[in-house]
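Some notes on the structure that comes next.
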Amino acid sequence: MPRRRQLQEDSIRLWLETLPTWKRKVLETLASTEKPLTTGELLEAIDYQANINTLYNWLGRLEQKGLVKSIKIFMTNKKAWKLEDTIKSNIKSLIEVM
């Protein structure tokens with residue numbers, strides 16, 4: 001199994017600079033909390049600047065890349081999202097600087 005490469009801080013910073021403001025706000029919200037947040041809570045945090053399907057699909061792509069982890073909410077079709085611990089501190093510190 002190939003080793004996973006460590007993300008460089010400069011690479012993450014450049015990526016964050018190119019993101020739309022609502023995506024940056026989602027990452028900032030996820031980085032500032034310890035508990036998983038539902039998609040609805042994230043929509044409220046960004047003042048509904050994005051469609052729920054757009055947000056859900058974007059978080060799914062981040063999960064495929066290993067940046068976000070989803071948790072299925074018991075007996076519902078809802079999910080809660082949480083940043084992976086390996087990248088959480090990097091994103092938190094970089095967003096504070098921006």
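Ligands are numbered from 1 in the order shown, residues from 1 within each chain, and chains are lettered A, B, ... in the order they appear in the structure tokens.
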DSSP helix (DSSP H, G or I) residues within chain A, listed as a PyMOL selection string: chain A and resi 9-18+21-31+39-45+52-65+85-97
Based on the selection just made, write C-alpha atoms of those residues as an mmCIF file, in the first residue's frame.
```cif
data_model
loop_
_atom_site.group_PDB
_atom_site.id
_atom_site.type_symbol
_atom_site.label_atom_id
_atom_site.label_comp_id
_atom_site.auth_asym_id
_atom_site.auth_seq_id
_atom_site.Cartn_x
_atom_site.Cartn_y
_atom_site.Cartn_z
ATOM 1 C CA GLU A 9 1.510 24.033 4.766
ATOM 2 C CA ASP A 10 2.255 26.215 1.722
ATOM 3 C CA SER A 11 0.121 23.960 -0.453
ATOM 4 C CA ILE A 12 -2.817 24.197 1.967
ATOM 5 C CA ARG A 13 -2.417 27.982 2.231
ATOM 6 C CA LEU A 14 -2.512 28.408 -1.562
ATOM 7 C CA TRP A 15 -5.562 26.158 -1.783
ATOM 8 C CA LEU A 16 -7.382 28.144 0.918
ATOM 9 C CA GLU A 17 -6.625 31.434 -0.845
ATOM 10 C CA THR A 18 -8.313 30.219 -4.025
ATOM 11 C CA THR A 21 -15.556 32.667 0.865
ATOM 12 C CA TRP A 22 -18.375 30.268 1.744
ATOM 13 C CA LYS A 23 -16.045 27.263 1.442
ATOM 14 C CA ARG A 24 -13.455 28.993 3.617
ATOM 15 C CA LYS A 25 -16.193 29.729 6.165
ATOM 16 C CA VAL A 26 -17.209 26.039 6.209
ATOM 17 C CA LEU A 27 -13.623 24.973 6.862
ATOM 18 C CA GLU A 28 -13.239 27.647 9.531
ATOM 19 C CA THR A 29 -16.418 26.455 11.242
ATOM 20 C CA LEU A 30 -15.304 22.825 11.144
ATOM 21 C CA ALA A 31 -11.854 23.742 12.458
ATOM 22 C CA THR A 39 -24.960 19.775 6.906
ATOM 23 C CA GLY A 40 -27.792 22.013 8.117
ATOM 24 C CA GLU A 41 -25.611 23.546 10.836
ATOM 25 C CA LEU A 42 -22.934 24.263 8.251
ATOM 26 C CA LEU A 43 -25.496 25.893 5.960
ATOM 27 C CA GLU A 44 -26.574 28.147 8.828
ATOM 28 C CA ALA A 45 -22.924 29.043 9.493
ATOM 29 C CA ILE A 52 -27.411 22.087 0.215
ATOM 30 C CA ASN A 53 -26.528 19.705 -2.629
ATOM 31 C CA THR A 54 -23.480 21.773 -3.558
ATOM 32 C CA LEU A 55 -22.252 21.755 0.045
ATOM 33 C CA TYR A 56 -22.963 18.053 0.479
ATOM 34 C CA ASN A 57 -21.124 17.105 -2.729
ATOM 35 C CA TRP A 58 -18.138 19.325 -1.897
ATOM 36 C CA LEU A 59 -17.844 17.779 1.580
ATOM 37 C CA GLY A 60 -18.064 14.337 -0.024
ATOM 38 C CA ARG A 61 -15.152 15.171 -2.326
ATOM 39 C CA LEU A 62 -13.139 16.390 0.675
ATOM 40 C CA GLU A 63 -13.927 13.102 2.399
ATOM 41 C CA GLN A 64 -12.597 11.156 -0.594
ATOM 42 C CA LYS A 65 -9.360 13.138 -0.325
ATOM 43 C CA ASP A 85 -7.144 15.822 13.156
ATOM 44 C CA THR A 86 -4.075 15.760 10.919
ATOM 45 C CA ILE A 87 -5.202 18.782 8.918
ATOM 46 C CA LYS A 88 -7.393 20.544 11.474
ATOM 47 C CA SER A 89 -4.575 22.435 13.197
ATOM 48 C CA ASN A 90 -3.053 23.509 9.864
ATOM 49 C CA ILE A 91 -6.330 24.899 8.543
ATOM 50 C CA LYS A 92 -7.147 26.578 11.853
ATOM 51 C CA SER A 93 -3.818 28.397 12.011
ATOM 52 C CA LEU A 94 -3.854 29.380 8.327
ATOM 53 C CA ILE A 95 -7.399 30.752 8.427
ATOM 54 C CA GLU A 96 -6.557 32.866 11.480
ATOM 55 C CA VAL A 97 -3.679 34.447 9.535
#
```
Which of region 12-97 of chain A fall in strand (DSSP E or B), as a PyMOL selection string: chain A and resi 37-38+68-72+79-83
For the selection you just gave me, I'd like the residues written to a file as a CSV table (one decimal), in the first residue's frame, keeping all heavy atoms.
```csv
chain,number,residue,atom,x,y,z
A,37,LEU,N,-20.5,18.5,12.9
A,37,LEU,CA,-21.6,19.4,12.6
A,37,LEU,C,-22.4,18.8,11.4
A,37,LEU,O,-21.8,18.3,10.5
A,37,LEU,CB,-21.1,20.8,12.2
A,37,LEU,CG,-20.3,21.5,13.3
A,37,LEU,CD1,-19.7,22.8,12.8
A,37,LEU,CD2,-21.2,21.8,14.5
A,38,THR,N,-23.7,18.9,11.5
A,38,THR,CA,-24.6,18.5,10.4
A,38,THR,C,-24.5,19.4,9.2
A,38,THR,O,-24.0,20.6,9.4
A,38,THR,CB,-26.0,18.4,10.9
A,38,THR,OG1,-26.5,19.7,11.2
A,38,THR,CG2,-26.2,17.4,12.1
A,68,VAL,N,-11.8,15.3,5.4
A,68,VAL,CA,-13.0,15.4,6.2
A,68,VAL,C,-13.5,14.0,6.5
A,68,VAL,O,-13.4,13.1,5.7
A,68,VAL,CB,-14.1,16.2,5.5
A,68,VAL,CG1,-15.4,16.2,6.3
A,68,VAL,CG2,-13.7,17.7,5.3
A,69,LYS,N,-14.2,13.8,7.6
A,69,LYS,CA,-14.8,12.5,7.9
A,69,LYS,C,-16.3,12.7,8.2
A,69,LYS,O,-16.7,13.7,8.8
A,69,LYS,CB,-14.1,11.9,9.2
A,69,LYS,CG,-14.6,10.6,9.6
A,69,LYS,CD,-13.9,10.0,10.8
A,69,LYS,CE,-14.5,8.6,11.1
A,69,LYS,NZ,-13.8,8.1,12.3
A,70,SER,N,-17.1,11.8,7.6
A,70,SER,CA,-18.5,11.9,7.8
A,70,SER,C,-19.0,10.8,8.8
A,70,SER,O,-18.4,9.8,8.8
A,70,SER,CB,-19.3,11.8,6.5
A,70,SER,OG,-19.2,10.5,6.0
A,71,ILE,N,-20.0,11.2,9.5
A,71,ILE,CA,-20.7,10.3,10.5
A,71,ILE,C,-22.1,10.2,10.2
A,71,ILE,O,-22.8,11.3,10.1
A,71,ILE,CB,-20.4,10.7,11.9
A,71,ILE,CG1,-18.9,10.8,12.2
A,71,ILE,CG2,-21.1,9.8,12.9
A,71,ILE,CD1,-18.6,11.6,13.5
A,72,LYS,N,-22.7,9.0,9.9
A,72,LYS,CA,-24.1,8.9,9.7
A,72,LYS,C,-24.9,9.1,11.0
A,72,LYS,O,-24.5,8.5,12.0
A,72,LYS,CB,-24.4,7.6,9.0
A,72,LYS,CG,-25.9,7.4,8.6
A,72,LYS,CD,-26.1,6.1,8.0
A,72,LYS,CE,-27.5,5.9,7.5
A,72,LYS,NZ,-28.5,6.2,8.3
A,79,LYS,N,-26.0,13.3,7.7
A,79,LYS,CA,-24.6,13.1,8.0
A,79,LYS,C,-24.1,14.3,8.8
A,79,LYS,O,-24.6,15.4,8.7
A,79,LYS,CB,-23.8,13.0,6.8
A,79,LYS,CG,-23.9,11.7,6.1
A,79,LYS,CD,-22.8,11.6,5.0
A,79,LYS,CE,-22.9,10.2,4.3
A,79,LYS,NZ,-21.9,10.0,3.3
A,80,ALA,N,-23.1,14.0,9.6
A,80,ALA,CA,-22.4,15.1,10.4
A,80,ALA,C,-21.0,15.0,9.9
A,80,ALA,O,-20.5,13.9,9.5
A,80,ALA,CB,-22.5,14.8,11.9
A,81,TRP,N,-20.3,16.1,9.9
A,81,TRP,CA,-19.0,16.3,9.3
A,81,TRP,C,-18.0,16.8,10.3
A,81,TRP,O,-18.3,17.6,11.1
A,81,TRP,CB,-19.0,17.2,8.1
A,81,TRP,CG,-20.1,16.9,7.1
A,81,TRP,CD1,-21.4,17.3,7.1
A,81,TRP,CD2,-19.9,16.0,6.0
A,81,TRP,NE1,-22.0,16.7,6.0
A,81,TRP,CE2,-21.2,15.9,5.3
A,81,TRP,CE3,-18.8,15.3,5.4
A,81,TRP,CZ2,-21.4,15.2,4.1
A,81,TRP,CZ3,-19.0,14.5,4.3
A,81,TRP,CH2,-20.3,14.5,3.7
A,82,LYS,N,-16.8,16.3,10.2
A,82,LYS,CA,-15.7,16.7,11.1
A,82,LYS,C,-14.4,16.7,10.3
A,82,LYS,O,-14.1,15.8,9.5
A,82,LYS,CB,-15.6,15.7,12.2
A,82,LYS,CG,-14.6,16.0,13.3
A,82,LYS,CD,-14.7,15.0,14.4
A,82,LYS,CE,-13.7,15.4,15.5
A,82,LYS,NZ,-13.7,14.4,16.6
A,83,LEU,N,-13.5,17.7,10.6
A,83,LEU,CA,-12.2,17.7,9.9
A,83,LEU,C,-11.3,16.6,10.6
A,83,LEU,O,-11.4,16.4,11.8
A,83,LEU,CB,-11.5,19.1,10.1
A,83,LEU,CG,-11.9,20.2,9.2
A,83,LEU,CD1,-11.2,21.4,9.6
A,83,LEU,CD2,-11.5,19.8,7.8
```
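Separating CA of Ile46 (chain A) from CA of Leu67 (chain A) is a distance of 19.4 Å.
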